[in-house]
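Enquirer: My structure is stored as model-v2.pdb, with PDB, C-alpha atoms.
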```pdb
MODEL        1
ATOM      1  CA  MET A   1      -4.635   0.576  30.171
ATOM      2  CA  GLY A   2      -6.415   2.822  32.632
ATOM      3  CA  TYR A   3      -5.604   6.357  33.612
ATOM      4  CA  ILE A   4      -3.023   7.187  36.240
ATOM      5  CA  VAL A   5      -3.391  10.386  38.223
ATOM      6  CA  SER A   6      -1.019  11.497  40.946
ATOM      7  CA  PHE A   7      -1.523  14.144  43.589
ATOM      8  CA  ILE A   8       1.784  15.640  44.590
ATOM      9  CA  ALA A   9       3.049  18.613  46.584
ATOM     10  CA  GLN A  10       5.996  19.829  48.535
ATOM     11  CA  LYS A  11       3.789  20.806  51.411
ATOM     12  CA  GLY A  12       1.316  19.085  53.647
ATOM     13  CA  GLY A  13      -2.230  20.261  54.227
ATOM     14  CA  VAL A  14      -2.834  21.565  50.718
ATOM     15  CA  GLY A  15      -5.434  18.972  49.798
ATOM     16  CA  LYS A  16      -3.720  16.006  48.154
ATOM     17  CA  SER A  17      -5.643  13.445  50.137
ATOM     18  CA  THR A  18      -8.870  15.434  49.967
ATOM     19  CA  LEU A  19      -8.754  15.513  46.183
ATOM     20  CA  THR A  20      -7.606  11.890  46.000
ATOM     21  CA  ARG A  21     -10.677  10.817  47.962
ATOM     22  CA  ALA A  22     -13.033  12.949  45.929
ATOM     23  CA  LEU A  23     -11.678  11.766  42.596
ATOM     24  CA  ALA A  24     -11.792   8.136  43.675
ATOM     25  CA  ARG A  25     -15.341   8.519  44.939
ATOM     26  CA  GLU A  26     -16.580  10.257  41.822
ATOM     27  CA  ALA A  27     -14.935   7.735  39.506
ATOM     28  CA  ASN A  28     -16.209   4.816  41.532
ATOM     29  CA  SER A  29     -19.755   6.109  41.582
ATOM     30  CA  ALA A  30     -19.533   6.529  37.812
ATOM     31  CA  GLY A  31     -18.839   2.811  37.545
ATOM     32  CA  TRP A  32     -15.082   2.974  37.018
ATOM     33  CA  SER A  33     -12.874   0.447  38.746
ATOM     34  CA  VAL A  34     -10.591   2.463  40.983
ATOM     35  CA  LYS A  35      -7.393   1.740  42.816
ATOM     36  CA  VAL A  36      -6.037   4.246  45.318
ATOM     37  CA  ALA A  37      -2.401   3.938  46.311
ATOM     38  CA  ASP A  38      -1.644   5.837  49.471
ATOM     39  CA  LEU A  39       2.101   6.372  49.203
ATOM     40  CA  ASP A  40       2.379   8.140  52.518
ATOM     41  CA  THR A  41       3.322   5.079  54.501
ATOM     42  CA  GLN A  42       3.902   7.075  57.660
ATOM     43  CA  GLN A  43       0.502   8.746  57.783
ATOM     44  CA  GLY A  44      -1.733   6.655  55.525
ATOM     45  CA  THR A  45      -4.340   9.427  55.534
ATOM     46  CA  VAL A  46      -6.490   8.076  52.731
ATOM     47  CA  ALA A  47      -6.291   4.520  53.995
ATOM     48  CA  ASP A  48      -7.435   5.638  57.456
ATOM     49  CA  TRP A  49     -10.242   7.673  55.961
ATOM     50  CA  HIS A  50     -11.377   4.681  53.909
ATOM     51  CA  LYS A  51     -11.531   2.533  57.030
ATOM     52  CA  VAL A  52     -13.794   5.131  58.625
ATOM     53  CA  ARG A  53     -15.868   5.219  55.444
ATOM     54  CA  LEU A  54     -16.405   1.480  55.469
ATOM     55  CA  ASN A  55     -17.090   1.410  59.206
ATOM     56  CA  GLN A  56     -19.748   4.083  58.725
ATOM     57  CA  GLY A  57     -21.429   1.885  56.149
ATOM     58  CA  HIS A  58     -20.667   4.024  53.108
ATOM     59  CA  GLU A  59     -19.840   2.629  49.697
ATOM     60  CA  PRO A  60     -16.120   1.945  49.183
ATOM     61  CA  VAL A  61     -14.369   4.235  46.717
ATOM     62  CA  GLY A  62     -12.442   1.342  45.259
ATOM     63  CA  SER A  63      -9.466  -0.635  46.386
ATOM     64  CA  VAL A  64      -7.416   1.484  48.789
ATOM     65  CA  GLU A  65      -3.981   0.376  49.827
ATOM     66  CA  VAL A  66      -0.937   1.843  51.554
ATOM     67  CA  ILE A  67       1.942   1.179  49.211
ATOM     68  CA  GLY A  68       5.615   1.886  49.806
ATOM     69  CA  SER A  69       6.949   2.156  46.283
ATOM     70  CA  VAL A  70       5.879   3.519  42.930
ATOM     71  CA  ALA A  71       6.836   0.291  41.170
ATOM     72  CA  VAL A  72       4.472  -1.744  43.342
ATOM     73  CA  ALA A  73       1.717   0.845  42.947
ATOM     74  CA  LEU A  74       2.005   0.698  39.177
ATOM     75  CA  LYS A  75       2.217  -3.080  39.040
ATOM     76  CA  ASN A  76      -1.501  -3.700  38.617
ATOM     77  CA  ALA A  77      -2.417  -0.339  37.129
ATOM     78  CA  ALA A  78      -3.658  -1.993  33.956
ATOM     79  CA  SER A  79      -6.330  -3.882  35.897
ATOM     80  CA  TYR A  80      -8.099  -0.661  36.866
ATOM     81  CA  ASP A  81      -9.818   2.113  34.953
ATOM     82  CA  LEU A  82      -8.222   4.647  37.247
ATOM     83  CA  LEU A  83      -5.201   4.497  39.508
ATOM     84  CA  VAL A  84      -5.015   7.411  41.928
ATOM     85  CA  LEU A  85      -1.681   7.975  43.612
ATOM     86  CA  ASP A  86      -1.611  10.051  46.762
ATOM     87  CA  ALA A  87       1.985  11.054  47.451
ATOM     88  CA  ALA A  88       3.592  11.954  50.749
ATOM     89  CA  ALA A  89       3.765  15.585  51.850
ATOM     90  CA  ARG A  90       7.172  16.257  50.373
ATOM     91  CA  ALA A  91       8.779  16.248  46.983
ATOM     92  CA  SER A  92      11.481  13.689  46.323
ATOM     93  CA  ALA A  93      12.763  11.285  43.710
ATOM     94  CA  VAL A  94       9.506   9.376  44.194
ATOM     95  CA  THR A  95       7.540  12.463  43.159
ATOM     96  CA  ALA A  96       9.480  12.686  39.908
ATOM     97  CA  ASP A  97       8.890   8.993  39.314
ATOM     98  CA  LEU A  98       5.170   9.383  39.944
ATOM     99  CA  ALA A  99       4.858  12.301  37.571
ATOM    100  CA  LYS A 100       6.692  10.450  34.824
ATOM    101  CA  HIS A 101       4.295   7.510  35.012
ATOM    102  CA  SER A 102       1.113   9.539  35.387
ATOM    103  CA  ASN A 103      -1.267  10.749  32.716
ATOM    104  CA  LEU A 104      -1.765  13.775  34.877
ATOM    105  CA  SER A 105       0.012  15.211  37.919
ATOM    106  CA  VAL A 106      -2.095  17.422  40.103
ATOM    107  CA  ILE A 107      -0.433  19.892  42.442
ATOM    108  CA  PRO A 108      -3.003  21.174  44.920
ATOM    109  CA  THR A 109      -2.227  24.583  46.343
ATOM    110  CA  CYS A 110      -3.866  27.099  48.594
ATOM    111  CA  ALA A 111      -4.129  30.658  47.317
ATOM    112  CA  SER A 112      -1.437  32.193  49.491
ATOM    113  CA  ARG A 113       1.929  33.143  48.082
ATOM    114  CA  ASP A 114       3.514  30.812  50.638
ATOM    115  CA  ASP A 115       1.750  27.889  48.990
ATOM    116  CA  LEU A 116       1.808  29.051  45.395
ATOM    117  CA  MET A 117       5.564  29.646  45.261
ATOM    118  CA  PRO A 118       6.616  26.084  46.195
ATOM    119  CA  ALA A 119       3.855  24.681  43.987
ATOM    120  CA  ILE A 120       5.168  26.551  40.951
ATOM    121  CA  ARG A 121       8.765  25.706  41.793
ATOM    122  CA  LEU A 122       7.833  22.046  41.960
ATOM    123  CA  ALA A 123       6.048  22.296  38.610
ATOM    124  CA  ASN A 124       9.133  24.008  37.161
ATOM    125  CA  GLU A 125      11.348  21.226  38.421
ATOM    126  CA  LEU A 126       9.045  18.551  37.041
ATOM    127  CA  ARG A 127       9.166  20.306  33.690
ATOM    128  CA  LYS A 128      12.952  20.359  33.873
ATOM    129  CA  THR A 129      13.003  16.628  34.455
ATOM    130  CA  GLY A 130      11.024  16.103  31.263
ATOM    131  CA  VAL A 131       7.400  16.039  32.389
ATOM    132  CA  PRO A 132       5.403  17.958  29.770
ATOM    133  CA  THR A 133       3.549  21.044  30.964
ATOM    134  CA  SER A 134       0.336  19.586  29.572
ATOM    135  CA  LYS A 135       0.568  16.802  32.152
ATOM    136  CA  ILE A 136       0.815  19.167  35.105
ATOM    137  CA  VAL A 137      -2.175  20.999  36.559
ATOM    138  CA  LEU A 138      -2.701  22.979  39.705
ATOM    139  CA  ALA A 139      -5.844  22.788  41.796
ATOM    140  CA  LEU A 140      -6.850  25.604  44.092
ATOM    141  CA  THR A 141      -7.889  24.494  47.536
ATOM    142  CA  ARG A 142      -8.921  26.093  50.817
ATOM    143  CA  VAL A 143      -9.840  29.349  49.126
ATOM    144  CA  THR A 144     -12.183  31.881  50.622
ATOM    145  CA  THR A 145     -12.844  34.885  48.354
ATOM    146  CA  GLU A 146     -13.312  35.469  44.643
ATOM    147  CA  ALA A 147     -10.504  38.044  44.640
ATOM    148  CA  GLU A 148      -8.154  35.510  46.146
ATOM    149  CA  ILE A 149      -9.126  32.939  43.529
ATOM    150  CA  ARG A 150      -8.649  35.407  40.682
ATOM    151  CA  GLU A 151      -5.209  36.430  41.896
ATOM    152  CA  ALA A 152      -4.104  32.847  42.350
ATOM    153  CA  ARG A 153      -5.336  31.890  38.885
ATOM    154  CA  GLU A 154      -3.487  34.797  37.326
ATOM    155  CA  PHE A 155      -0.339  33.800  39.196
ATOM    156  CA  ILE A 156      -0.558  30.225  37.932
ATOM    157  CA  THR A 157      -1.304  31.293  34.359
ATOM    158  CA  GLU A 158       1.570  33.776  34.439
ATOM    159  CA  ALA A 159       3.852  30.913  35.439
ATOM    160  CA  GLY A 160       2.730  28.972  32.373
ATOM    161  CA  TYR A 161       0.538  26.345  34.005
ATOM    162  CA  THR A 162      -3.114  25.395  33.997
ATOM    163  CA  ALA A 163      -5.282  25.911  37.033
ATOM    164  CA  LEU A 164      -8.275  23.601  37.061
ATOM    165  CA  ASP A 165     -11.698  25.203  36.889
ATOM    166  CA  GLY A 166     -13.483  25.377  40.178
ATOM    167  CA  CYS A 167     -11.804  25.197  43.525
ATOM    168  CA  LEU A 168     -12.234  23.836  46.955
ATOM    169  CA  TYR A 169     -13.475  26.400  49.449
ATOM    170  CA  GLU A 170     -12.378  26.515  53.051
ATOM    171  CA  LYS A 171     -15.534  25.196  54.706
ATOM    172  CA  PRO A 172     -16.016  23.276  57.940
ATOM    173  CA  ALA A 173     -18.619  21.134  56.197
ATOM    174  CA  TYR A 174     -15.917  19.618  53.991
ATOM    175  CA  ARG A 175     -13.891  18.673  57.056
ATOM    176  CA  GLN A 176     -16.935  17.279  58.811
ATOM    177  CA  ALA A 177     -17.810  15.162  55.789
ATOM    178  CA  GLN A 178     -14.298  13.769  55.611
ATOM    179  CA  ASN A 179     -14.234  13.106  59.345
ATOM    180  CA  GLY A 180     -17.167  10.792  58.742
ATOM    181  CA  GLY A 181     -15.560   8.996  55.813
ATOM    182  CA  LEU A 182     -17.247  11.006  53.082
ATOM    183  CA  ALA A 183     -15.703  12.916  50.207
ATOM    184  CA  VAL A 184     -16.013  16.644  49.593
ATOM    185  CA  THR A 185     -18.656  15.898  46.980
ATOM    186  CA  GLU A 186     -20.796  14.153  49.591
ATOM    187  CA  THR A 187     -21.393  16.824  52.220
ATOM    188  CA  ARG A 188     -24.821  17.645  53.642
ATOM    189  CA  TYR A 189     -24.927  20.768  51.515
ATOM    190  CA  LYS A 190     -25.819  20.574  47.859
ATOM    191  CA  GLY A 191     -24.191  23.908  47.094
ATOM    192  CA  LEU A 192     -20.841  22.801  48.468
ATOM    193  CA  ASN A 193     -21.084  19.466  46.681
ATOM    194  CA  LYS A 194     -21.743  21.277  43.406
ATOM    195  CA  LYS A 195     -18.715  23.495  43.912
ATOM    196  CA  ALA A 196     -16.495  20.493  44.581
ATOM    197  CA  GLU A 197     -17.998  18.739  41.562
ATOM    198  CA  VAL A 198     -16.974  21.625  39.295
ATOM    199  CA  LEU A 199     -13.375  21.054  40.316
ATOM    200  CA  MET A 200     -13.724  17.305  39.887
ATOM    201  CA  GLN A 201     -15.331  17.677  36.482
ATOM    202  CA  SER A 202     -12.518  19.939  35.351
ATOM    203  CA  LEU A 203     -10.028  17.367  36.606
ATOM    204  CA  VAL A 204     -11.775  14.507  34.838
ATOM    205  CA  ASN A 205     -11.936  16.483  31.595
ATOM    206  CA  LYS A 206      -8.218  17.066  31.849
ATOM    207  CA  ILE A 207      -7.505  13.402  32.583
ATOM    208  CA  ILE A 208      -9.310  12.135  29.521
ATOM    209  CA  GLU A 209      -8.116  14.992  27.307
TER     210      GLU A 209
ATOM    211  CA  MET B   1     -19.515  64.340  23.628
ATOM    212  CA  THR B   2     -19.279  60.610  23.596
ATOM    213  CA  LYS B   3     -20.491  58.991  26.719
ATOM    214  CA  PHE B   4     -18.124  56.480  28.132
ATOM    215  CA  PRO B   5     -19.084  54.056  30.820
ATOM    216  CA  LYS B   6     -17.355  54.193  34.159
ATOM    217  CA  LYS B   7     -13.641  53.450  33.923
ATOM    218  CA  PRO B   8     -12.984  49.746  34.299
ATOM    219  CA  ALA B   9     -11.438  49.037  37.635
ATOM    220  CA  LYS B  10      -7.812  48.001  37.467
ATOM    221  CA  LEU B  11      -7.522  44.720  39.229
ATOM    222  CA  LYS B  12      -4.378  44.482  41.214
ATOM    223  CA  ASN B  13      -2.651  41.232  41.924
ATOM    224  CA  ARG B  14      -0.969  41.303  45.286
ATOM    225  CA  LEU B  15       0.791  38.005  44.764
ATOM    226  CA  GLY B  16       3.555  39.433  42.599
ATOM    227  CA  LEU B  17       5.312  37.455  39.920
ATOM    228  CA  PRO B  18       5.573  33.683  39.949
ATOM    229  CA  PRO B  19       9.021  32.162  40.418
ATOM    230  CA  VAL B  20      10.992  31.148  37.362
ATOM    231  CA  GLU B  21      13.406  29.005  39.299
ATOM    232  CA  ALA B  22      12.737  25.339  40.009
ATOM    233  CA  SER B  23      12.911  23.578  43.315
ATOM    234  CA  THR B  24      15.754  21.165  43.863
ATOM    235  CA  THR B  25      14.009  18.390  45.685
ATOM    236  CA  LEU B  26      13.296  15.744  43.086
ATOM    237  CA  ASP B  27      16.662  14.070  43.464
ATOM    238  CA  GLN B  28      16.224  13.761  47.210
ATOM    239  CA  PRO B  29      15.556  10.361  48.754
ATOM    240  CA  GLU B  30      11.993   9.689  49.835
ATOM    241  CA  HIS B  31      13.017   9.475  53.458
ATOM    242  CA  ALA B  32      15.671  11.628  55.064
ATOM    243  CA  PRO B  33      18.895   9.675  55.485
ATOM    244  CA  ALA B  34      18.981   8.001  58.843
ATOM    245  CA  VAL B  35      21.691   8.886  61.330
ATOM    246  CA  PRO B  36      24.542   6.435  60.712
ATOM    247  CA  GLU B  37      24.671   3.762  63.330
ATOM    248  CA  THR B  38      27.359   4.340  65.897
ATOM    249  CA  ILE B  39      30.041   1.710  65.639
ATOM    250  CA  VAL B  40      30.128  -0.306  68.785
ATOM    251  CA  LYS B  41      33.478  -1.894  69.424
ATOM    252  CA  VAL B  42      32.779  -5.521  69.879
ATOM    253  CA  ALA B  43      34.858  -7.283  72.486
ATOM    254  CA  ARG B  44      37.052  -9.991  71.034
ATOM    255  CA  LYS B  45      35.026 -13.035  71.757
ATOM    256  CA  LYS B  46      37.334 -15.223  69.695
ATOM    257  CA  THR B  47      40.197 -15.017  72.223
ATOM    258  CA  GLY B  48      37.896 -15.074  75.199
ATOM    259  CA  ARG B  49      39.366 -11.762  76.374
ATOM    260  CA  THR B  50      36.073  -9.969  76.912
ATOM    261  CA  LEU B  51      36.654  -8.069  80.165
ATOM    262  CA  PRO B  52      38.545  -4.809  80.600
ATOM    263  CA  PHE B  53      41.545  -4.893  82.929
ATOM    264  CA  GLY B  54      43.272  -1.794  84.248
ATOM    265  CA  THR B  55      45.515  -0.851  87.133
ATOM    266  CA  ARG B  56      48.031   1.831  88.026
ATOM    267  CA  VAL B  57      51.692   0.926  87.930
ATOM    268  CA  SER B  58      54.950   2.810  88.490
ATOM    269  CA  PRO B  59      56.740   4.373  85.510
ATOM    270  CA  GLU B  60      59.656   1.970  86.017
ATOM    271  CA  PHE B  61      57.409  -1.070  85.952
ATOM    272  CA  MET B  62      55.646   0.208  82.850
ATOM    273  CA  LYS B  63      58.977   0.792  81.074
ATOM    274  CA  ASP B  64      60.232  -2.704  81.931
ATOM    275  CA  PHE B  65      56.931  -4.307  81.005
ATOM    276  CA  LYS B  66      56.766  -2.638  77.618
ATOM    277  CA  THR B  67      60.421  -3.355  76.879
ATOM    278  CA  VAL B  68      59.992  -7.074  77.573
ATOM    279  CA  ALA B  69      56.811  -7.178  75.474
ATOM    280  CA  VAL B  70      58.596  -5.553  72.549
ATOM    281  CA  GLN B  71      61.684  -7.711  72.839
ATOM    282  CA  ASP B  72      59.677 -10.939  72.906
ATOM    283  CA  GLU B  73      57.119  -9.648  70.360
ATOM    284  CA  MET B  74      54.220 -10.186  72.691
ATOM    285  CA  LYS B  75      51.071  -8.250  73.302
ATOM    286  CA  HIS B  76      50.739  -6.742  76.735
ATOM    287  CA  VAL B  77      47.932  -9.118  77.490
ATOM    288  CA  GLU B  78      49.989 -12.094  76.373
ATOM    289  CA  LEU B  79      52.834 -11.057  78.661
ATOM    290  CA  LEU B  80      50.426 -10.586  81.515
ATOM    291  CA  GLU B  81      48.936 -14.057  80.998
ATOM    292  CA  LYS B  82      52.416 -15.564  80.817
ATOM    293  CA  MET B  83      53.433 -13.802  84.011
ATOM    294  CA  LEU B  84      50.425 -15.154  85.837
ATOM    295  CA  SER B  85      50.978 -18.691  84.650
ATOM    296  CA  VAL B  86      54.666 -18.548  85.707
ATOM    297  CA  TYR B  87      53.709 -17.168  89.086
ATOM    298  CA  LYS B  88      51.119 -19.884  89.589
ATOM    299  CA  ALA B  89      53.668 -22.550  88.668
ATOM    300  CA  GLN B  90      56.306 -21.212  91.040
ATOM    301  CA  ARG B  91      54.382 -20.112  94.114
TER     302      ARG B  91
ENDMDL
END
```
Would you write the structure of this file as structure tokens?
Expert:
Amino acid sequence: MGYIVSFIAQKGGVGKSTLTRALAREANSAGWSVKVADLDTQQGTVADWHKVRLNQGHEPVGSVEVIGSVAVALKNAASYDLLVLDAAARASAVTADLAKHSNLSVIPTCASRDDLMPAIRLANELRKTGVPTSKIVLALTRVTTEAEIREAREFITEAGYTALDGCLYEKPAYRQAQNGGLAVTETRYKGLNKKAEVLMQSLVNKIIE
Amino acid sequence: MTKFPKKPAKLKNRLGLPPVEASTTLDQPEHAPAVPETIVKVARKKTGRTLPFGTRVSPEFMKDFKTVAVQDEMKHVELLEKMLSVYKAQR
């Protein structure tokens, strides 16, 4: 049975789809068979991005599908090395279901208090519903300064959770890459790719832990 | 006198303390409940009486009409139909 990783959050715009794409791309380029279930049936962000990717002539990141229910998404999980679940931009009963079935639940969050508070509250609620703390990680996204990163990491640690190493910086080049169907590890800038890879590597290490 | 290096800077964290409470969203449905459909009164197609019928009458007429309907256990519409058929037969 392959690994199941879900990206969940109470808020939109924190990087669920961005990290979903990057993880799928990295796993696929490492030779893993990857399935991406885009559970946001209203927006289908990852599915749209994958269409652009294919139209631009880039390598697919795996099998990407918009799926309306967790049960259907999990149906063929065993056929893949990695199933990546990109949840909708809200927390609901589906989120709890996803977390229960996942090897790892990733809650992306920006470094502001406005984003960190709901992220921690969601993690607390997941823990209350029986998801072990070891299966919940937070990923810092859209950060700008080292001080900001340090403060956010301390905040997460204080709350009793793990923040993945590395983070995703707020850079136009990441957006531009994604606009063209690429992942944040595939920008024109090696430095930015390396930074995104640190986060991805930390995530992968946690998945296979 | 022992030489100490420069005092380590105290790093402040402006984010404050993390919340200890949990959110209460995981029992919510995935989609917000839709507005319940307004109940549209369907005209009684079974009897064929599908059109509204209204007119103003005098209080005396109304009293008589209702009294007869009650006495003969008829609906107002049934009495009205009967009246019309009698009128048509006798005119």
Enquirer: Need the shell around segment 145-162 of chain A: protein/DNA/RNA residues with any atom at most 6 Å away, counting only C-alpha atoms. Skip same-chain ones fewer than 6 positions apart. Format as a VMD selection string?
Expert: (chain A and resid 111 137) or (chain B and resid 13 18)
Enquirer: Can you translate the PyMOL selection byres ((chain A and resi 24) around 10) into the concrete residues it hits in this file, as a list in words?
Expert: Leu19, Thr20, Arg21, Ala22, Leu23, Arg25, Glu26, Ala27, Asn28, Ser29, Ala30, Trp32, Ser33, Val34, Lys35, Val36, Pro60, Val61, Gly62, Ser63, Val64, Leu82, Leu83, Val84 and Ala183 of chain A
Enquirer: Residue by residue, what does the ChimeraX specification (/A :<8) & /B grab here? Present the result as a count of residues only.
Expert: 18
Enquirer: Translate the PyMOL selection byres ((chain A and resi 134) around 10) into a concrete residue list for this structure, as JSON, numbers by chain.
Expert: {"A": [103, 104, 105, 127, 131, 132, 133, 135, 136, 137, 161, 162, 206, 209]}
Enquirer: Show which residues sit within 9 Å of segment 178-180 of chain A, as a PyMOL selection string. Count all atoms listed in the file, and ignore same-chain residues fewer than 2 positions away.
Expert: chain A and resi 18+21+49+52-53+56+173-176+182-184+186-187
Enquirer: Could you jot down the atom CA of Val143 of chain A to atom CA of Cys110 of chain A separation for me, Å, one decimal place?
Expert: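 Atom CA of Cys110 of chain A lies 6.4 Å from atom CA of Val143 of chain A.
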Enquirer: Residues within 12 Å of Gly54 of chain B, please, as JSON, numbers by chain. Count only C-alpha atoms; anything in the same chain fewer than 4 positions from it doesn't count.
Expert: {"B": [76, 77, 80]}
Enquirer: Restricting it to C-alpha atoms, dump the selection as a PDB file, keeping the file's coordinate frame.
Expert:
```
ATOM      1  CA  HIS B  76      50.739  -6.742  76.735  1.00  0.00           C
ATOM      2  CA  VAL B  77      47.932  -9.118  77.490  1.00  0.00           C
ATOM      3  CA  LEU B  80      50.426 -10.586  81.515  1.00  0.00           C
TER       4      LEU B  80
END
```
Enquirer: Report the centre and edge lengths, in Å to one decimal, of an axis-aligned box enclosing every atom of segment 65-74 of chain B listed in the file, padded by 3 Å on each side, as AutoDock Vina command-line options.
Expert:
```
--center_x 58.0 --center_y -6.8 --center_z 75.7 --size_x 13.5 --size_y 14.3 --size_z 16.6
```
Enquirer: Separation of atom CA of Gly191 of chain A and atom CA of Leu54 of chain A, in Å?
Expert: 25.2 Å
Enquirer: Considering all atoms listed in the file, return as a list in words whatever protein or nucleic-acid residues lie within 9 Å of Thr41 of chain A, sequence-local ones (same chain, fewer than 5 positions apart) excluded.
Expert: Val66, Ile67, Gly68 and Ala88 of chain A
Enquirer: What does the distance from atom CA of Gly12 of chain A to atom CA of Lys12 of chain B come to in Å, to one decimal?
Expert: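 Separating atom CA of Gly12 of chain A from atom CA of Lys12 of chain B is a distance of 28.8 Å.
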Enquirer: With distances taken over only C-alpha atoms, which of A:Tyr169, A:Tyr189, A:Phe7, A:Tyr80 is nearest to Leu98 of chain A?
Expert: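 Counting only C-alpha atoms, the residue closest to Leu98 of chain A is A:Phe7.
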Enquirer: Generate a file for segment 47-62 of chain B, containing N, CA, C and O atoms, as a PDB file, in the first residue's frame.
Expert:
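Output saved as result-v9.pdb:
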```pdb
ATOM      1  N   THR B  47     -58.776  17.014  -9.688  1.00  0.00           N
ATOM      2  CA  THR B  47     -60.184  17.400  -9.822  1.00  0.00           C
ATOM      3  C   THR B  47     -60.412  18.261 -11.049  1.00  0.00           C
ATOM      4  O   THR B  47     -61.548  18.550 -11.408  1.00  0.00           O
ATOM      5  N   GLY B  48     -59.308  18.714 -11.642  1.00  0.00           N
ATOM      6  CA  GLY B  48     -59.447  19.588 -12.792  1.00  0.00           C
ATOM      7  C   GLY B  48     -59.662  21.033 -12.393  1.00  0.00           C
ATOM      8  O   GLY B  48     -59.771  21.909 -13.247  1.00  0.00           O
ATOM      9  N   ARG B  49     -59.725  21.295 -11.085  1.00  0.00           N
ATOM     10  CA  ARG B  49     -59.966  22.676 -10.624  1.00  0.00           C
ATOM     11  C   ARG B  49     -58.610  23.385 -10.492  1.00  0.00           C
ATOM     12  O   ARG B  49     -58.033  23.441  -9.419  1.00  0.00           O
ATOM     13  N   THR B  50     -58.125  23.887 -11.569  1.00  0.00           N
ATOM     14  CA  THR B  50     -56.757  24.446 -11.579  1.00  0.00           C
ATOM     15  C   THR B  50     -56.733  25.972 -11.590  1.00  0.00           C
ATOM     16  O   THR B  50     -55.675  26.554 -11.392  1.00  0.00           O
ATOM     17  N   LEU B  51     -57.881  26.604 -11.837  1.00  0.00           N
ATOM     18  CA  LEU B  51     -57.860  28.076 -11.953  1.00  0.00           C
ATOM     19  C   LEU B  51     -58.475  28.753 -10.728  1.00  0.00           C
ATOM     20  O   LEU B  51     -59.463  28.260 -10.172  1.00  0.00           O
ATOM     21  N   PRO B  52     -57.864  29.862 -10.304  1.00  0.00           N
ATOM     22  CA  PRO B  52     -58.459  30.580  -9.166  1.00  0.00           C
ATOM     23  C   PRO B  52     -59.761  31.283  -9.587  1.00  0.00           C
ATOM     24  O   PRO B  52     -59.928  31.637 -10.758  1.00  0.00           O
ATOM     25  N   PHE B  53     -60.660  31.435  -8.654  1.00  0.00           N
ATOM     26  CA  PHE B  53     -61.948  32.066  -8.949  1.00  0.00           C
ATOM     27  C   PHE B  53     -62.316  32.945  -7.774  1.00  0.00           C
ATOM     28  O   PHE B  53     -62.408  32.483  -6.645  1.00  0.00           O
ATOM     29  N   GLY B  54     -62.491  34.223  -7.981  1.00  0.00           N
ATOM     30  CA  GLY B  54     -62.818  35.098  -6.857  1.00  0.00           C
ATOM     31  C   GLY B  54     -63.716  36.235  -7.294  1.00  0.00           C
ATOM     32  O   GLY B  54     -63.593  36.750  -8.397  1.00  0.00           O
ATOM     33  N   THR B  55     -64.641  36.595  -6.429  1.00  0.00           N
ATOM     34  CA  THR B  55     -65.521  37.728  -6.727  1.00  0.00           C
ATOM     35  C   THR B  55     -66.041  38.304  -5.414  1.00  0.00           C
ATOM     36  O   THR B  55     -65.981  37.625  -4.385  1.00  0.00           O
ATOM     37  N   ARG B  56     -66.505  39.523  -5.451  1.00  0.00           N
ATOM     38  CA  ARG B  56     -67.037  40.132  -4.228  1.00  0.00           C
ATOM     39  C   ARG B  56     -68.548  39.894  -4.164  1.00  0.00           C
ATOM     40  O   ARG B  56     -69.239  40.021  -5.165  1.00  0.00           O
ATOM     41  N   VAL B  57     -68.989  39.527  -2.979  1.00  0.00           N
ATOM     42  CA  VAL B  57     -70.415  39.281  -2.778  1.00  0.00           C
ATOM     43  C   VAL B  57     -70.872  40.050  -1.546  1.00  0.00           C
ATOM     44  O   VAL B  57     -70.047  40.503  -0.743  1.00  0.00           O
ATOM     45  N   SER B  58     -72.189  40.147  -1.361  1.00  0.00           N
ATOM     46  CA  SER B  58     -72.711  40.860  -0.187  1.00  0.00           C
ATOM     47  C   SER B  58     -72.586  39.968   1.044  1.00  0.00           C
ATOM     48  O   SER B  58     -72.530  38.737   0.914  1.00  0.00           O
ATOM     49  N   PRO B  59     -72.555  40.545   2.224  1.00  0.00           N
ATOM     50  CA  PRO B  59     -72.474  39.740   3.449  1.00  0.00           C
ATOM     51  C   PRO B  59     -73.635  38.751   3.576  1.00  0.00           C
ATOM     52  O   PRO B  59     -73.451  37.615   3.997  1.00  0.00           O
ATOM     53  N   GLU B  60     -74.813  39.186   3.119  1.00  0.00           N
ATOM     54  CA  GLU B  60     -76.000  38.308   3.225  1.00  0.00           C
ATOM     55  C   GLU B  60     -75.828  37.073   2.329  1.00  0.00           C
ATOM     56  O   GLU B  60     -76.106  35.943   2.731  1.00  0.00           O
ATOM     57  N   PHE B  61     -75.388  37.350   1.109  1.00  0.00           N
ATOM     58  CA  PHE B  61     -75.170  36.237   0.173  1.00  0.00           C
ATOM     59  C   PHE B  61     -74.136  35.263   0.740  1.00  0.00           C
ATOM     60  O   PHE B  61     -74.324  34.043   0.708  1.00  0.00           O
ATOM     61  N   MET B  62     -73.064  35.815   1.255  1.00  0.00           N
ATOM     62  CA  MET B  62     -71.988  34.978   1.802  1.00  0.00           C
ATOM     63  C   MET B  62     -72.515  34.115   2.943  1.00  0.00           C
ATOM     64  O   MET B  62     -72.191  32.916   3.028  1.00  0.00           O
TER      65      MET B  62
END
```
